[in-house]
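A quick write-up on the structure given underneath.
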Amino acid sequence: VVDAVAAAKGLLVVDPVREADARSPRIVRDVLELRQARAARAVTRGPKHHFFGYYNKSNWDKTNRLLLAQRTPWMDQLLTPEAKATIGYFDTQDRDRFHAVGETGAWNFQMGSQLQWLDGAAGRQLIYNDRTGDRGARYPGFGAVIVDVDSGARRQLPMPVYVVAPSSAWALSVNDRRLYVTHETIGYSEPGQPFELPLAPADDGIWRMDIATGGAQLLVSYAQLKAFHHKASMDKAIHWVSHIEVNPASSRILFLHRWTERVKDETCFLHRLIT
């Protein structure tokens, strides 16, 4: 069986179907199934570049047919507020054709636009972050967009998302301006930078936003995190959170609480995992 699997991976020169013992039809069947399942192909095509986002999300939809992607004309651009990425998906049952559904200016190369499927919602809906004209929003100029890929219906949410609960009933949001200051590769650039930010404010932190209504509540503030099992190294440090996750039951979250006095030196970052 090991030889048959290796052959299916292309590691052996012999034809496993021809060489397999005729008294072992199961091996032949397994080899043929592996050949079919492991057949590789390139889904994307140039000249433009395609990528998805962070490793903690899947770009497959729940029907195992569509693959989310962001498309850009370059792969090494210094990102400014004017830099745009096309949002869309590949249909693996339609010659891997790319379907564009929108465009965003709220993205980065490491995490994309937090593009993800709303697997717990009806039909096939996706969500991604975008820049908006709402300067009165909690995080001015940023929000999220939901698109139904079957009907084309779209609506806007008043806050950007970091992660959506598996139930798709709510999402967690943080201040991407704070992320840009503390860890530039996972934030969004804005006009007027750099910004001076409070080190551990009581009115900002991790927000829970209702996907249906856009209503939001502050789950935990940076001031509360600083006070929780306080350490002296936190006193003069700027605080932020990252790697936020929601459990499969959509009932609990975990995240990294991070702090430092030197944002330009990652070796000076301190952090702890909280749930």
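A note on labels: chains of the structure tokens are A, B, ... as shown, every chain counts residues from 1, and ligands are counted from 1 in their shown order.
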
Worksheet item: Could you pull out the strand (DSSP E) residues of region 110-227 of chain A from DSSP and send them as number ranges by chain?
Response: A: 116-117, 125-131, 142-148, 154-157, 163-164, 170-173, 205-210, 216-221

Residue subset to file, keeping C-alpha atoms, as a PDB file, in the first residue's frame:
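Wrote selection34.pdb, looks like this:
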```
ATOM      1  CA  GLN A 116     -13.790  35.247   4.164  1.00  0.00           C
ATOM      2  CA  TRP A 117     -16.977  33.278   3.602  1.00  0.00           C
ATOM      3  CA  GLN A 125     -22.058  35.150   1.030  1.00  0.00           C
ATOM      4  CA  LEU A 126     -18.622  36.662   1.490  1.00  0.00           C
ATOM      5  CA  ILE A 127     -17.337  39.562   3.564  1.00  0.00           C
ATOM      6  CA  TYR A 128     -14.323  41.840   3.222  1.00  0.00           C
ATOM      7  CA  ASN A 129     -13.051  45.154   4.578  1.00  0.00           C
ATOM      8  CA  ASP A 130     -13.190  48.365   2.590  1.00  0.00           C
ATOM      9  CA  ARG A 131     -12.663  52.091   2.884  1.00  0.00           C
ATOM     10  CA  PHE A 142     -13.351  51.938   7.387  1.00  0.00           C
ATOM     11  CA  GLY A 143     -16.114  49.329   7.298  1.00  0.00           C
ATOM     12  CA  ALA A 144     -16.959  45.928   5.854  1.00  0.00           C
ATOM     13  CA  VAL A 145     -18.937  44.787   2.816  1.00  0.00           C
ATOM     14  CA  ILE A 146     -21.088  41.652   2.492  1.00  0.00           C
ATOM     15  CA  VAL A 147     -21.786  40.283  -0.994  1.00  0.00           C
ATOM     16  CA  ASP A 148     -24.219  37.512  -1.943  1.00  0.00           C
ATOM     17  CA  ARG A 154     -24.470  43.783  -1.192  1.00  0.00           C
ATOM     18  CA  ARG A 155     -24.605  45.766   2.034  1.00  0.00           C
ATOM     19  CA  GLN A 156     -22.167  47.665   4.201  1.00  0.00           C
ATOM     20  CA  LEU A 157     -21.318  47.239   7.886  1.00  0.00           C
ATOM     21  CA  VAL A 163     -12.606  37.482  12.223  1.00  0.00           C
ATOM     22  CA  VAL A 164     -16.185  36.235  11.791  1.00  0.00           C
ATOM     23  CA  TRP A 170     -21.256  38.230  14.664  1.00  0.00           C
ATOM     24  CA  ALA A 171     -17.701  39.360  13.999  1.00  0.00           C
ATOM     25  CA  LEU A 172     -14.850  40.798  16.045  1.00  0.00           C
ATOM     26  CA  SER A 173     -13.371  44.172  15.145  1.00  0.00           C
ATOM     27  CA  GLY A 205     -10.237  47.226  22.317  1.00  0.00           C
ATOM     28  CA  ILE A 206     -12.018  44.197  20.869  1.00  0.00           C
ATOM     29  CA  TRP A 207     -15.529  44.916  19.600  1.00  0.00           C
ATOM     30  CA  ARG A 208     -18.296  42.415  18.893  1.00  0.00           C
ATOM     31  CA  MET A 209     -20.351  43.511  15.873  1.00  0.00           C
ATOM     32  CA  ASP A 210     -23.700  41.968  14.975  1.00  0.00           C
ATOM     33  CA  ALA A 216     -21.422  46.790  18.320  1.00  0.00           C
ATOM     34  CA  GLN A 217     -20.360  46.376  21.929  1.00  0.00           C
ATOM     35  CA  LEU A 218     -16.926  46.577  23.488  1.00  0.00           C
ATOM     36  CA  LEU A 219     -15.974  43.137  24.833  1.00  0.00           C
ATOM     37  CA  VAL A 220     -12.683  44.090  26.451  1.00  0.00           C
ATOM     38  CA  SER A 221     -10.712  47.336  26.457  1.00  0.00           C
TER      39      SER A 221
END
```

Residues at most 12 Å from Asp76 (chain A), counting only C-alpha atoms, excluding those fewer than 6 positions away in the same chain, as a JSON list (two decimals) with all heavy atoms, in the first residue's frame?
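Now in part14.json:
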```json
[["chain", "number", "residue", "atom", "x", "y", "z"],
["A", 49, "HIS", "N", -1.57, 39.39, -10.30],
["A", 49, "HIS", "CA", -1.23, 38.51, -9.19],
["A", 49, "HIS", "C", -2.46, 38.24, -8.32],
["A", 49, "HIS", "O", -3.32, 39.11, -8.16],
["A", 49, "HIS", "CB", -0.13, 39.16, -8.34],
["A", 49, "HIS", "CG", 1.12, 39.46, -9.11],
["A", 49, "HIS", "ND1", 2.10, 38.53, -9.35],
["A", 49, "HIS", "CD2", 1.52, 40.60, -9.72],
["A", 49, "HIS", "CE1", 3.06, 39.07, -10.06],
["A", 49, "HIS", "NE2", 2.74, 40.33, -10.30],
["A", 83, "ALA", "N", -4.03, 52.45, -3.11],
["A", 83, "ALA", "CA", -3.78, 51.13, -3.70],
["A", 83, "ALA", "C", -5.03, 50.26, -3.61],
["A", 83, "ALA", "O", -5.61, 50.11, -2.52],
["A", 83, "ALA", "CB", -2.61, 50.45, -3.00],
["A", 108, "ASN", "N", -3.88, 44.49, 2.99],
["A", 108, "ASN", "CA", -2.42, 44.40, 3.03],
["A", 108, "ASN", "C", -2.03, 43.03, 2.50],
["A", 108, "ASN", "O", -2.87, 42.16, 2.32],
["A", 108, "ASN", "CB", -1.88, 44.65, 4.45],
["A", 108, "ASN", "CG", -2.54, 43.76, 5.48],
["A", 108, "ASN", "OD1", -2.44, 42.53, 5.40],
["A", 108, "ASN", "ND2", -3.22, 44.37, 6.44],
["A", 109, "PHE", "N", -0.76, 42.85, 2.23],
["A", 109, "PHE", "CA", -0.32, 41.59, 1.62],
["A", 109, "PHE", "C", -0.35, 40.43, 2.61],
["A", 109, "PHE", "O", -0.48, 39.28, 2.21],
["A", 109, "PHE", "CB", 1.09, 41.74, 1.04],
["A", 109, "PHE", "CG", 1.12, 42.47, -0.27],
["A", 109, "PHE", "CD1", 1.70, 43.73, -0.38],
["A", 109, "PHE", "CD2", 0.56, 41.91, -1.41],
["A", 109, "PHE", "CE1", 1.73, 44.40, -1.59],
["A", 109, "PHE", "CE2", 0.57, 42.58, -2.63],
["A", 109, "PHE", "CZ", 1.16, 43.83, -2.72],
["A", 110, "GLN", "N", -0.20, 40.70, 3.89],
["A", 110, "GLN", "CA", -0.14, 39.61, 4.87],
["A", 110, "GLN", "C", -1.52, 39.04, 5.18],
["A", 110, "GLN", "O", -1.69, 37.83, 5.28],
["A", 110, "GLN", "CB", 0.53, 40.07, 6.15],
["A", 110, "GLN", "CG", 0.72, 38.94, 7.16],
["A", 110, "GLN", "CD", 1.67, 39.32, 8.29],
["A", 110, "GLN", "OE1", 2.44, 40.25, 8.17],
["A", 110, "GLN", "NE2", 1.61, 38.58, 9.37]]
```

Discussion item. List the spatial neighbours of Val174 (chain A) as a list in words - criterion: any atom at most 9 Å away, only C-alpha atoms, same-chain residues fewer than 2 positions off excluded.
Written reply: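 My reading of the contact set: Tyr139, Met159, Pro160, Val161, Tyr162, Leu172, Asp176, Arg177, Arg178, Leu179, Asp204, Gly205, Ile206, Trp207, Trp240, Val241 and Ser242 of chain A.
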
Worksheet item: Residues at most 10 Å from region 260-271 of chain A, counting only C-alpha atoms, excluding those fewer than 5 positions away in the same chain, as a count of residues only?
Response: 16

Item to complete: Work out how far CA of Ser58 (chain A) is from CA of Arg71 (chain A), in Å to one decimal.
Response: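 Distance reported for this atom pair: 16.8 Å.
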
Item to complete: Write out as a count of residues only all residues of region 24-208 of chain A that DSSP puts in alpha helix (DSSP H) for this structure's backbone.
Response: 20
